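What follows is the content of run-v7.cif (mmCIF, C-alpha atoms, pLDDT in the B column; chains and numbers go by the auth columns).
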data_model
loop_
_atom_site.group_PDB
_atom_site.id
_atom_site.type_symbol
_atom_site.label_atom_id
_atom_site.label_comp_id
_atom_site.label_asym_id
_atom_site.label_seq_id
_atom_site.Cartn_x
_atom_site.Cartn_y
_atom_site.Cartn_z
_atom_site.B_iso_or_equiv
_atom_site.auth_seq_id
_atom_site.auth_asym_id
ATOM 1 C CA MET A 1 -101.591 94.091 123.614 34.00 1 U
ATOM 2 C CA HIS A 2 -98.136 92.970 122.527 35.00 2 U
ATOM 3 C CA ALA A 3 -95.952 95.392 120.589 36.00 3 U
ATOM 4 C CA LEU A 4 -95.893 93.031 117.596 36.00 4 U
ATOM 5 C CA GLU A 5 -99.680 93.056 117.395 42.00 5 U
ATOM 6 C CA ARG A 6 -99.752 96.867 117.158 42.00 6 U
ATOM 7 C CA ARG A 7 -97.310 97.036 114.269 44.00 7 U
ATOM 8 C CA PRO A 8 -98.595 97.265 110.736 50.00 8 U
ATOM 9 C CA PHE A 9 -97.870 94.269 108.576 49.00 9 U
ATOM 10 C CA ALA A 10 -95.186 96.199 106.658 44.00 10 U
ATOM 11 C CA ALA A 11 -93.209 96.648 109.865 48.00 11 U
ATOM 12 C CA VAL A 12 -93.406 92.932 110.506 51.00 12 U
ATOM 13 C CA LEU A 13 -92.111 92.274 107.005 48.00 13 U
ATOM 14 C CA LEU A 14 -89.203 94.607 107.767 46.00 14 U
ATOM 15 C CA GLY A 15 -88.457 92.371 110.744 55.00 15 U
ATOM 16 C CA VAL A 16 -88.546 89.374 108.417 53.00 16 U
ATOM 17 C CA ALA A 17 -86.105 91.135 106.109 47.00 17 U
ATOM 18 C CA LEU A 18 -83.719 91.736 109.002 47.00 18 U
ATOM 19 C CA LEU A 19 -84.064 88.105 110.006 53.00 19 U
ATOM 20 C CA ALA A 20 -83.357 87.152 106.403 49.00 20 U
ATOM 21 C CA LEU A 21 -80.101 89.115 106.501 45.00 21 U
ATOM 22 C CA PHE A 22 -79.088 87.195 109.585 48.00 22 U
ATOM 23 C CA ILE A 23 -80.023 83.911 107.929 48.00 23 U
ATOM 24 C CA ALA A 24 -78.089 84.857 104.803 47.00 24 U
ATOM 25 C CA THR A 25 -74.888 84.659 106.798 43.00 25 U
ATOM 26 C CA ALA A 26 -75.821 81.171 107.941 45.00 26 U
ATOM 27 C CA ILE A 27 -77.015 79.744 104.599 46.00 27 U
ATOM 28 C CA GLY A 28 -73.747 77.897 104.076 47.00 28 U
ATOM 29 C CA CYS A 29 -73.901 76.213 107.476 45.00 29 U
ATOM 30 C CA ALA A 30 -74.832 72.581 107.858 43.00 30 U
ATOM 31 C CA THR A 31 -78.086 73.405 109.638 47.00 31 U
ATOM 32 C CA VAL A 32 -80.236 76.477 109.213 48.00 32 U
ATOM 33 C CA SER A 33 -82.660 76.770 112.090 58.00 33 U
ATOM 34 C CA PRO A 34 -83.988 80.285 112.557 58.00 34 U
ATOM 35 C CA MET A 35 -87.162 78.744 113.952 61.00 35 U
ATOM 36 C CA ALA A 36 -85.412 77.500 117.090 64.00 36 U
ATOM 37 C CA PRO A 37 -86.006 80.717 119.110 73.00 37 U
ATOM 38 C CA ALA A 38 -89.495 81.261 117.628 75.00 38 U
ATOM 39 C CA GLN A 39 -92.246 80.745 120.178 84.00 39 U
ATOM 40 C CA THR A 40 -95.528 81.503 118.399 89.00 40 U
ATOM 41 C CA ALA A 41 -96.975 80.187 115.168 91.00 41 U
ATOM 42 C CA GLU A 42 -96.525 83.627 113.621 92.00 42 U
ATOM 43 C CA GLN A 43 -92.877 83.805 114.663 91.00 43 U
ATOM 44 C CA ARG A 44 -92.226 80.340 113.227 93.00 44 U
ATOM 45 C CA ALA A 45 -94.001 81.313 110.005 95.00 45 U
ATOM 46 C CA PHE A 46 -92.003 84.519 109.588 93.00 46 U
ATOM 47 C CA ALA A 47 -88.717 82.790 110.392 93.00 47 U
ATOM 48 C CA LEU A 48 -89.474 80.072 107.864 95.00 48 U
ATOM 49 C CA TYR A 49 -90.550 82.588 105.237 96.00 49 U
ATOM 50 C CA GLY A 50 -87.369 84.588 105.834 95.00 50 U
ATOM 51 C CA THR A 51 -85.364 81.429 105.253 95.00 51 U
ATOM 52 C CA PHE A 52 -87.305 80.811 102.049 97.00 52 U
ATOM 53 C CA VAL A 53 -86.680 84.351 100.763 96.00 53 U
ATOM 54 C CA VAL A 54 -82.932 84.130 101.361 95.00 54 U
ATOM 55 C CA ALA A 55 -82.710 80.675 99.796 96.00 55 U
ATOM 56 C CA GLU A 56 -84.783 81.728 96.801 96.00 56 U
ATOM 57 C CA GLU A 57 -82.652 84.841 96.206 96.00 57 U
ATOM 58 C CA THR A 58 -79.502 82.742 96.468 96.00 58 U
ATOM 59 C CA ALA A 59 -81.007 80.168 94.106 96.00 59 U
ATOM 60 C CA ALA A 60 -81.852 82.860 91.557 96.00 60 U
ATOM 61 C CA ASP A 61 -78.230 84.002 91.591 95.00 61 U
ATOM 62 C CA LEU A 62 -76.868 80.469 91.375 95.00 62 U
ATOM 63 C CA VAL A 63 -78.885 79.378 88.346 95.00 63 U
ATOM 64 C CA GLN A 64 -77.381 82.310 86.427 94.00 64 U
ATOM 65 C CA LEU A 65 -73.837 81.031 86.948 93.00 65 U
ATOM 66 C CA PRO A 66 -72.387 79.650 83.714 93.00 66 U
ATOM 67 C CA GLY A 67 -70.269 77.073 85.546 92.00 67 U
ATOM 68 C CA LEU A 68 -73.193 75.446 87.330 93.00 68 U
ATOM 69 C CA GLY A 69 -74.235 72.186 85.705 94.00 69 U
ATOM 70 C CA ALA A 70 -77.638 71.690 84.114 94.00 70 U
ATOM 71 C CA ALA A 71 -78.583 68.996 86.657 94.00 71 U
ATOM 72 C CA GLN A 72 -77.756 71.296 89.569 95.00 72 U
ATOM 73 C CA LYS A 73 -79.738 74.145 88.019 95.00 73 U
ATOM 74 C CA ALA A 74 -82.683 71.823 87.450 96.00 74 U
ATOM 75 C CA ALA A 75 -82.551 70.583 91.058 96.00 75 U
ATOM 76 C CA ILE A 76 -82.521 74.147 92.392 97.00 76 U
ATOM 77 C CA LYS A 77 -85.392 75.205 90.115 97.00 77 U
ATOM 78 C CA ASP A 78 -87.405 72.128 91.088 97.00 78 U
ATOM 79 C CA ALA A 79 -86.896 72.735 94.817 97.00 79 U
ATOM 80 C CA ASP A 80 -87.947 76.369 94.383 98.00 80 U
ATOM 81 C CA ALA A 81 -91.029 75.392 92.375 98.00 81 U
ATOM 82 C CA LYS A 82 -92.107 73.077 95.200 98.00 82 U
ATOM 83 C CA ALA A 83 -91.355 75.535 98.019 98.00 83 U
ATOM 84 C CA LYS A 84 -92.816 78.738 96.567 98.00 84 U
ATOM 85 C CA PRO A 85 -96.543 77.862 96.618 98.00 85 U
ATOM 86 C CA VAL A 86 -96.444 76.647 100.216 98.00 86 U
ATOM 87 C CA ALA A 87 -94.304 79.609 101.306 97.00 87 U
ATOM 88 C CA ASP A 88 -96.865 81.955 99.736 97.00 88 U
ATOM 89 C CA ALA A 89 -99.728 80.091 101.430 97.00 89 U
ATOM 90 C CA LEU A 90 -97.803 80.288 104.693 97.00 90 U
ATOM 91 C CA MET A 91 -97.671 84.090 104.424 96.00 91 U
ATOM 92 C CA ASP A 92 -101.370 84.247 103.546 97.00 92 U
ATOM 93 C CA ALA A 93 -102.157 82.212 106.660 97.00 93 U
ATOM 94 C CA ALA A 94 -99.931 84.481 108.794 96.00 94 U
ATOM 95 C CA ARG A 95 -101.709 87.561 107.456 95.00 95 U
ATOM 96 C CA GLU A 96 -105.037 85.961 108.328 97.00 96 U
ATOM 97 C CA VAL A 97 -103.910 85.343 111.905 97.00 97 U
ATOM 98 C CA PHE A 98 -102.838 88.989 112.240 93.00 98 U
ATOM 99 C CA LYS A 99 -106.170 90.138 110.819 96.00 99 U
ATOM 100 C CA ILE A 100 -108.149 87.940 113.192 97.00 100 U
ATOM 101 C CA ARG A 101 -106.051 89.044 116.176 94.00 101 U
ATOM 102 C CA GLY A 102 -107.006 92.624 115.334 95.00 102 U
ATOM 103 C CA GLU A 103 -110.656 91.675 114.983 97.00 103 U
ATOM 104 C CA LEU A 104 -110.532 89.843 118.313 96.00 104 U
ATOM 105 C CA GLU A 105 -108.998 92.864 119.998 95.00 105 U
ATOM 106 C CA ALA A 106 -111.782 95.015 118.532 97.00 106 U
ATOM 107 C CA GLY A 107 -114.384 92.549 119.812 97.00 107 U
ATOM 108 C CA ALA A 108 -115.464 91.659 116.277 97.00 108 U
ATOM 109 C CA THR A 109 -114.701 87.924 116.431 97.00 109 U
ATOM 110 C CA THR A 110 -114.138 85.051 118.836 96.00 110 U
ATOM 111 C CA ASN A 111 -111.203 83.156 120.278 97.00 111 U
ATOM 112 C CA ASP A 112 -112.482 80.095 118.423 98.00 112 U
ATOM 113 C CA LYS A 113 -111.939 81.785 115.066 97.00 113 U
ATOM 114 C CA LEU A 114 -108.414 82.722 116.125 97.00 114 U
ATOM 115 C CA ALA A 115 -107.720 79.166 117.266 98.00 115 U
ATOM 116 C CA VAL A 116 -108.783 77.812 113.871 98.00 116 U
ATOM 117 C CA ALA A 117 -106.573 80.351 112.057 98.00 117 U
ATOM 118 C CA VAL A 118 -103.567 79.543 114.260 97.00 118 U
ATOM 119 C CA ALA A 119 -104.096 75.806 113.697 98.00 119 U
ATOM 120 C CA ASN A 120 -104.197 76.458 109.942 98.00 120 U
ATOM 121 C CA LEU A 121 -100.983 78.462 110.194 98.00 121 U
ATOM 122 C CA GLU A 122 -99.316 75.646 112.147 97.00 122 U
ATOM 123 C CA ARG A 123 -100.370 73.228 109.393 98.00 123 U
ATOM 124 C CA TRP A 124 -98.756 75.459 106.763 97.00 124 U
ATOM 125 C CA VAL A 125 -95.583 75.733 108.854 97.00 125 U
ATOM 126 C CA GLY A 126 -95.466 71.934 108.995 96.00 126 U
ATOM 127 C CA GLU A 127 -96.053 71.579 105.265 97.00 127 U
ATOM 128 C CA ALA A 128 -93.602 74.305 104.266 97.00 128 U
ATOM 129 C CA THR A 129 -90.719 73.308 106.526 96.00 129 U
ATOM 130 C CA PRO A 130 -89.439 70.282 104.541 97.00 130 U
ATOM 131 C CA LYS A 131 -89.916 72.047 101.199 98.00 131 U
ATOM 132 C CA VAL A 132 -88.028 75.137 102.319 97.00 132 U
ATOM 133 C CA GLN A 133 -85.316 72.924 103.793 96.00 133 U
ATOM 134 C CA ALA A 134 -85.049 71.094 100.457 97.00 134 U
ATOM 135 C CA LEU A 135 -84.535 74.451 98.724 97.00 135 U
ATOM 136 C CA VAL A 136 -81.871 75.417 101.264 96.00 136 U
ATOM 137 C CA ASP A 137 -80.175 72.040 100.744 96.00 137 U
ATOM 138 C CA SER A 138 -80.230 72.426 96.951 96.00 138 U
ATOM 139 C CA VAL A 139 -78.587 75.836 97.273 95.00 139 U
ATOM 140 C CA ARG A 140 -75.932 74.431 99.606 93.00 140 U
ATOM 141 C CA ARG A 141 -75.063 71.665 97.139 86.00 141 U
ATOM 142 C CA LYS A 142 -74.173 74.205 94.462 71.00 142 U
#
This entry written out as structure tokens:
Amino acid sequence: MHALERRPFAAVLLGVALLALFIATAIGCATVSPMAPAQTAEQRAFALYGTFVVAEETAADLVQLPGLGAAQKAAIKDADAKAKPVADALMDAAREVFKIRGELEAGATTNDKLAVAVANLERWVGEATPKVQALVDSVRRK
């Protein structure tokens, strides 16, 4: 059993928060790619979700600025509205993979069920990536 698999989900979210702090320092860079070192579907999902959280928090701050134009605020809000549902679905899919991994370890399910859940998570990573990147880009254009 890997150490990550033994941790409760809250501990994993703490890891995401730490990753988000790291990403926050890079949000102004031309390319944000916390997924580069990620090896598993879960790692890619958490890295992407961390990026989303940082971008969304930054966006929330930006749209409160009085000097930001209405068009820029609208673009940021639109990008967030498109990214949020897929980011939330991404986390739901990641939770499902963790749950099934635990069930598999306990002998309560099969590798096939895990494979389907991981494939679903990969699909959500693929769907969320451009939407999260669009949110990051809208924040950068401030």
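Using only C-alpha atoms for every distance, the candidate list U:Asp78, U:Asp112, U:Pro130, U:Val97 yields U:Val97 as the residue closest to Gln43 in chain U.
Residue selection for this entry, given the PyMOL selection byres ((chain U and resi 138) around 8), comprises U:Gln72, U:Ala75, U:Ile76, U:Ala79, U:Ala134, U:Leu135, U:Val136, U:Asp137, U:Val139, U:Arg140, U:Arg141, U:Lys142.
Closest approach to Phe46 in chain U among U:Ala74, U:Ala87, U:Ala108, U:Leu62 is made by U:Ala87 (distances from only C-alpha atoms).
With distances restricted to only C-alpha atoms, U:Ala93 is the closest residue to Val118 in chain U from U:Leu65, U:Ala47, U:Ala93, U:Ala71.
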Polymer residues at most 10 Å from Phe52 in chain U, only C-alpha atoms, same-chain spacing of 2 or more positions, as a PyMOL selection string: chain U and resi 20+23+46-50+54-58+80+83-84+87-88+128-129+131-133+135-136
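Here CA of Thr51 in chain U and CA of Ala117 in chain U stand 22.3 Å from one another.
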Can you list what the PyMOL selection byres ((chain U and resi 114) around 10) grabs from this structure, as a PDB file with C-alpha atoms, in the frame of the given file?
ATOM      1  CA  GLU U  96    -105.037  85.961 108.328  1.00 97.00           C
ATOM      2  CA  VAL U  97    -103.910  85.343 111.905  1.00 97.00           C
ATOM      3  CA  PHE U  98    -102.838  88.989 112.240  1.00 93.00           C
ATOM      4  CA  LYS U  99    -106.170  90.138 110.819  1.00 96.00           C
ATOM      5  CA  ILE U 100    -108.149  87.940 113.192  1.00 97.00           C
ATOM      6  CA  ARG U 101    -106.051  89.044 116.176  1.00 94.00           C
ATOM      7  CA  GLU U 103    -110.656  91.675 114.983  1.00 97.00           C
ATOM      8  CA  LEU U 104    -110.532  89.843 118.313  1.00 96.00           C
ATOM      9  CA  THR U 109    -114.701  87.924 116.431  1.00 97.00           C
ATOM     10  CA  THR U 110    -114.138  85.051 118.836  1.00 96.00           C
ATOM     11  CA  ASN U 111    -111.203  83.156 120.278  1.00 97.00           C
ATOM     12  CA  ASP U 112    -112.482  80.095 118.423  1.00 98.00           C
ATOM     13  CA  LYS U 113    -111.939  81.785 115.066  1.00 97.00           C
ATOM     14  CA  ALA U 115    -107.720  79.166 117.266  1.00 98.00           C
ATOM     15  CA  VAL U 116    -108.783  77.812 113.871  1.00 98.00           C
ATOM     16  CA  ALA U 117    -106.573  80.351 112.057  1.00 98.00           C
ATOM     17  CA  VAL U 118    -103.567  79.543 114.260  1.00 97.00           C
ATOM     18  CA  ALA U 119    -104.096  75.806 113.697  1.00 98.00           C
ATOM     19  CA  ASN U 120    -104.197  76.458 109.942  1.00 98.00           C
TER      20      ASN U 120
END
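Minimum distance to Trp124 in chain U across U:Ala81, U:Leu68, U:Ala38, U:Ala45 (counting all atoms listed in the file) occurs at U:Ala45.
Interatomic distance, CA of Pro85 in chain U against CA of Ala60 in chain U: 16.3 Å.
As for CA of Val125 in chain U and CA of Leu90 in chain U, they are spaced 6.6 Å apart.
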How big is the axis-aligned box around the listed atoms of range 125-134 of chain U once 5 Å is added on each side, and where is its centre? Give both in Å to one decimal, as AutoDock Vina command-line options.
--center_x -90.6 --center_y 73.0 --center_z 104.7 --size_x 21.0 --size_y 15.5 --size_z 18.5
